[in-house]
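Visitor: Structure in structure tokens, see below.
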Amino acid sequence: MRFLVLLASVLFAISSHGEIAGKRPNIIFILTDDQGFGDVSANGNPVLKTPNMDRLHDEGVRFTDFHVSPTCAPTRSALLTGRHEFKNGVTHTILERERMTLDAIALPQVLKTAGYTTGMFGKWHLGDEDEYQPERRGFDEVFIHGGGGIGQHYPGSCGDAPGNTYFSPLIKHNGKFEKTDGYCTDVFFAQATKWIEGVKGGKPFYAHIATNAPHGPLQVRAEDEARYQGKGPTKFFGMVANIDDNIGRLLAKLTEWGIEKDTLIVFMNDNGGTDGTGVFNAGMRGQKGTAFLGGTRASSFWRWPGTLKPAAVTTLAAHIDFLPTLAELAGAKLDEKVAKQIEGRSLVPLLENPATAWPTRTLFTHLGRWDKGKPPESGKYAQCSVRTPDYHLVCTTKGDQPAWMLFDVRADYGEKQDIAAQHAEIVAEMSAAFEKWWASVVPMMVNENVPLAPANPFWMLHKKQFGSGPVK
């Protein structure tokens, strides 16, 4: 087994630079929150019906072994930078450790160099202080809630506007709060659709639609909950069904506007499954918050009618590949800083030809979340993993000594049989790769020792705009 450490320039060199590179499509990215791989009917769910997600699956290129981070803010950070979240300082989802380092260059900034206009709708969760907000990271249009979810509030800077629920929430729109009317997912898609209608036909656009559903608290429209009454987690499934309806309406609009063939839609979920795993988890072990495959495997559907031929790609891919892929499709020319930042690979060759030969690679997963004030070493081996196309090395111990488990994912994707004792040489090689990786990321964990902010910026803005009480 070989572990290849490739520089970003080398990774880009494997791209085919074929017909779709530099074609500059409109791009719509849909990212759901806490919906697992198994929470899509096209992925095998026997109860949940998601006809519009299924369309994206059936009519596009779908990556069947695509992985993200075990929790939400880390995944969002990796998607937008092309590198592991720890290198962005994101080691948690709260306590200032969700803030994406200001030194990172974000995807919308890269796309703007290629002439794109950019819009952000829904969940940001990479820093609520002004300098960390999406309008400072390349987004022209910003329509977001605060913190990790609508109504959430934690010590420090991470939190949403006071009094918010999933129904008619107060949303920060280009720096000022607006009272909305309707269910949050409907509101986000409606605003994104309105923005797309206003910008289509001019510059190519990038619309980033990140729902906070179906993340808890499970607040759902009564009519959506009723769809799955007595069929598993009714509220959770109802929230997913509502997202699916919104995707269907958006697809219809693209057809109505005549831009369907000029628009790439990418659909993903942000971490492993949660409430739905008891019904269906695609045979995987683990869920959100774990280093097993069930904690990181995600749907990754890429639909571009007339350009991408529907196909399944079994090659190992990950969230860090998102930025370099979109950059190549957009024809963005990466400066030295961005090229050095990216550790993912452009998936353009696989989008064009799923059978493309692919150099072996090594991916690293880590839950993070060691206690505030404690050194990263205190959580070094807690819920971490090393993945190659053939093997998955996993550790769940919390001490300072690892207890590695090894799984042959070619024969045992469900990770039922630990073969570490039979393959000590593979464990040694993969664990050595982890030690080298860990040493490289610890110096980049810039948020570990920062003091908590004295106030939540969203609450401060709310008080400045409305006074101290929630908006009625």
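By convention in this document, the chains of the structure tokens carry letters A, B, ... by their order, each chain's residues are numbered from 1, and ligands are numbered from 1 in the order they are shown.
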Once you count only C-alpha atoms, what closest atom pair and distance in Å to one decimal does each residue of region 88-145 of chain A within 6 Å of region 202-211 of chain A have, with rows by chain and rising residue number, as JSON lines?
Guide:
```
{"residue": "A:Tyr116", "atom": "CA", "partner": "A:Pro204", "partner_atom": "CA", "distance": 5.1}
{"residue": "A:Thr117", "atom": "CA", "partner": "A:Phe205", "partner_atom": "CA", "distance": 4.8}
{"residue": "A:Thr118", "atom": "CA", "partner": "A:Tyr206", "partner_atom": "CA", "distance": 4.7}
{"residue": "A:Gly119", "atom": "CA", "partner": "A:Ala207", "partner_atom": "CA", "distance": 4.9}
{"residue": "A:Met120", "atom": "CA", "partner": "A:His208", "partner_atom": "CA", "distance": 4.8}
{"residue": "A:Phe121", "atom": "CA", "partner": "A:Ile209", "partner_atom": "CA", "distance": 4.9}
{"residue": "A:Gly122", "atom": "CA", "partner": "A:Ala210", "partner_atom": "CA", "distance": 4.9}
{"residue": "A:Lys123", "atom": "CA", "partner": "A:Ala210", "partner_atom": "CA", "distance": 5.2}
```
Visitor: DSSP says strand (DSSP E) for which residues of region 159-385 of chain A? Put them as a ChimeraX atom specification?
Guide: /A:170-173,176-179,205-210,263-269,297-298,300-303,311-313,317-318,363-366,384-385
Visitor: Report as a ChimeraX atom specification all protein, DNA and RNA residues lying within 9 Å of region 390-407 of chain A, evaluated on only C-alpha atoms, omitting residues in the same chain fewer than 3 positions from it.
Guide: /A:290-293,377-387,410-421,423,426-427,430-431
Visitor: With region 66-80 of chain A as the partner and 12 Å as the cut-off, tabulate the residues of region 228-329 of chain A that qualify, each row holding the nearest pair of atoms and their distance in Å to one decimal, using only C-alpha atoms, sorted by chain and rising number, as CSV.
Guide:
```
residue,atom,partner,partner_atom,distance
A:Phe267,CA,A:Phe66,CA,11.9
A:Met268,CA,A:Val68,CA,9.3
A:Asn269,CA,A:Val68,CA,8.5
A:Asp270,CA,A:Cys72,CA,5.6
A:Asn271,CA,A:Pro70,CA,5.2
A:Gly272,CA,A:Pro70,CA,6.2
A:Gly273,CA,A:Pro70,CA,9.5
A:Thr274,CA,A:Thr71,CA,10.8
A:Gly286,CA,A:Pro70,CA,10.1
A:Gln287,CA,A:Pro70,CA,8.0
A:Lys288,CA,A:Pro70,CA,5.4
A:Gly289,CA,A:Pro70,CA,4.8
A:Thr290,CA,A:Pro70,CA,6.1
A:Ala291,CA,A:Pro70,CA,6.7
A:Phe292,CA,A:Pro70,CA,9.0
A:Leu293,CA,A:His67,CA,8.1
A:Gly294,CA,A:Pro70,CA,9.0
A:Gly295,CA,A:Pro70,CA,5.3
A:Thr296,CA,A:Val68,CA,5.0
A:Arg297,CA,A:His67,CA,4.5
A:Ala298,CA,A:His67,CA,5.6
A:Ser299,CA,A:Phe66,CA,6.9
A:Ser300,CA,A:Phe66,CA,6.6
A:Phe301,CA,A:Phe66,CA,10.0
A:Ala312,CA,A:Phe66,CA,11.4
A:Val313,CA,A:Phe66,CA,9.3
A:Thr314,CA,A:Phe66,CA,8.5
A:Thr315,CA,A:Phe66,CA,8.1
A:Leu316,CA,A:Phe66,CA,6.1
A:Ala317,CA,A:Phe66,CA,4.7
A:Ala318,CA,A:His67,CA,4.6
A:His319,CA,A:Leu79,CA,5.1
A:Ile320,CA,A:Ala78,CA,5.4
A:Asp321,CA,A:Leu79,CA,7.5
A:Phe322,CA,A:Leu79,CA,5.7
A:Leu323,CA,A:Leu80,CA,6.1
A:Pro324,CA,A:Leu79,CA,9.6
A:Thr325,CA,A:Leu79,CA,10.6
A:Leu326,CA,A:Leu80,CA,10.4
A:Ala327,CA,A:Leu80,CA,11.0
```
Visitor: At a cut-off of 6 Å, using only C-alpha atoms, what residues contact Leu329 (chain A)? Leave out same-chain residues fewer than 5 positions from it and give the result as a PDB file with C-alpha atoms, in the first residue's frame.
Guide:
```pdb
ATOM      1  CA  ALA A  21     -13.407  22.367 -17.663  1.00  0.00           C
ATOM      2  CA  GLY A  22     -13.895  26.114 -17.866  1.00  0.00           C
ATOM      3  CA  LYS A  23     -17.447  25.785 -19.183  1.00  0.00           C
ATOM      4  CA  ARG A  24     -18.675  28.170 -16.436  1.00  0.00           C
TER       5      ARG A  24
END
```
Visitor: Contacts of region 179-193 of chain A at 10 Å or less, counting only C-alpha atoms, minus same-chain residues fewer than 2 places along, as a PyMOL selection string?
Guide: chain A and resi 28+30+119-123+141-145+150+165-173+177+195-198+207-214+219-221+239-240+242-243+245-247+249-250+253-254+471-472
Visitor: Check the smallest atom-to-atom distance from each of A:Glu435, A:Arg55, A:Glu131, A:Trp257 to Pro310 (chain A) using only C-alpha atoms, then report the winner.
Guide: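 Closest residue, counting only C-alpha atoms: A:Arg55.
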Visitor: Kindly indicate which residue among A:Leu126, A:Val441, A:Ile265, A:Ala332 lies nearest to His84 (chain A), using only C-alpha atoms for the distances.
Guide: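 Going through A:Leu126, A:Val441, A:Ile265, A:Ala332 one by one, the smallest distance to His84 (chain A) is for A:Val441.
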Visitor: Would you list, as a list in words, the residues of region 105-215 of chain A that end up in alpha helix (DSSP H) under DSSP run on this structure's backbone?
Guide: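 Those residues are Leu107, Pro108, Gln109, Val110, Leu111, Lys112, Cys184, Thr185, Asp186, Val187, Phe188, Phe189, Ala190, Gln191, Ala192, Thr193, Lys194, Trp195, Ile196, Glu197, Gly198 and Val199 of chain A.
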Visitor: Could you list, with a cut-off of 8 Å and counting only C-alpha atoms, the residues of region 45-133 of chain A near region 443-456 of chain A, each shown with its nearest atom pair and the distance in Å rounded to one decimal, rows sorted by chain and ascending number, as a tab-separated table?
Guide:
```
residue	atom	partner	partner_atom	distance
A:Phe86	CA	A:Met445	CA	5.9
A:Lys87	CA	A:Met444	CA	5.1
A:Asn88	CA	A:Met444	CA	6.9
A:Gly89	CA	A:Met445	CA	4.2
A:Val90	CA	A:Met445	CA	7.1
A:Thr91	CA	A:Met445	CA	7.3
A:Leu95	CA	A:Leu452	CA	6.6
A:Glu96	CA	A:Asn447	CA	6.4
A:Arg97	CA	A:Asn447	CA	5.3
A:Arg99	CA	A:Asn447	CA	7.4
A:Thr101	CA	A:Val446	CA	7.3
A:Asp128	CA	A:Asn456	CA	7.7
A:Glu129	CA	A:Asn456	CA	7.9
```
Visitor: Please report the interatomic distance between CA of Gly278 (chain A) and CA of Ala222 (chain A) in Å with one decimal.
Guide: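 Between these atoms lies a distance of 22.4 Å.
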Visitor: What's the separation between CA of Ser346 (chain A) and CA of Glu328 (chain A), in Å to one decimal place?
Guide: 7.1 Å
Visitor: Which value, in Å to one decimal, gives the distance between CA of Ile342 (chain A) and CA of His366 (chain A)?
Guide: 18.6 Å
Visitor: Determine the nearest neighbour of Ala433 (chain A) from the options A:Lys49, A:Lys261, A:Arg361, A:Lys333, counting only C-alpha atoms.
Guide: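 Among the listed residues, the smallest separation from Ala433 (chain A) belongs to A:Arg361.
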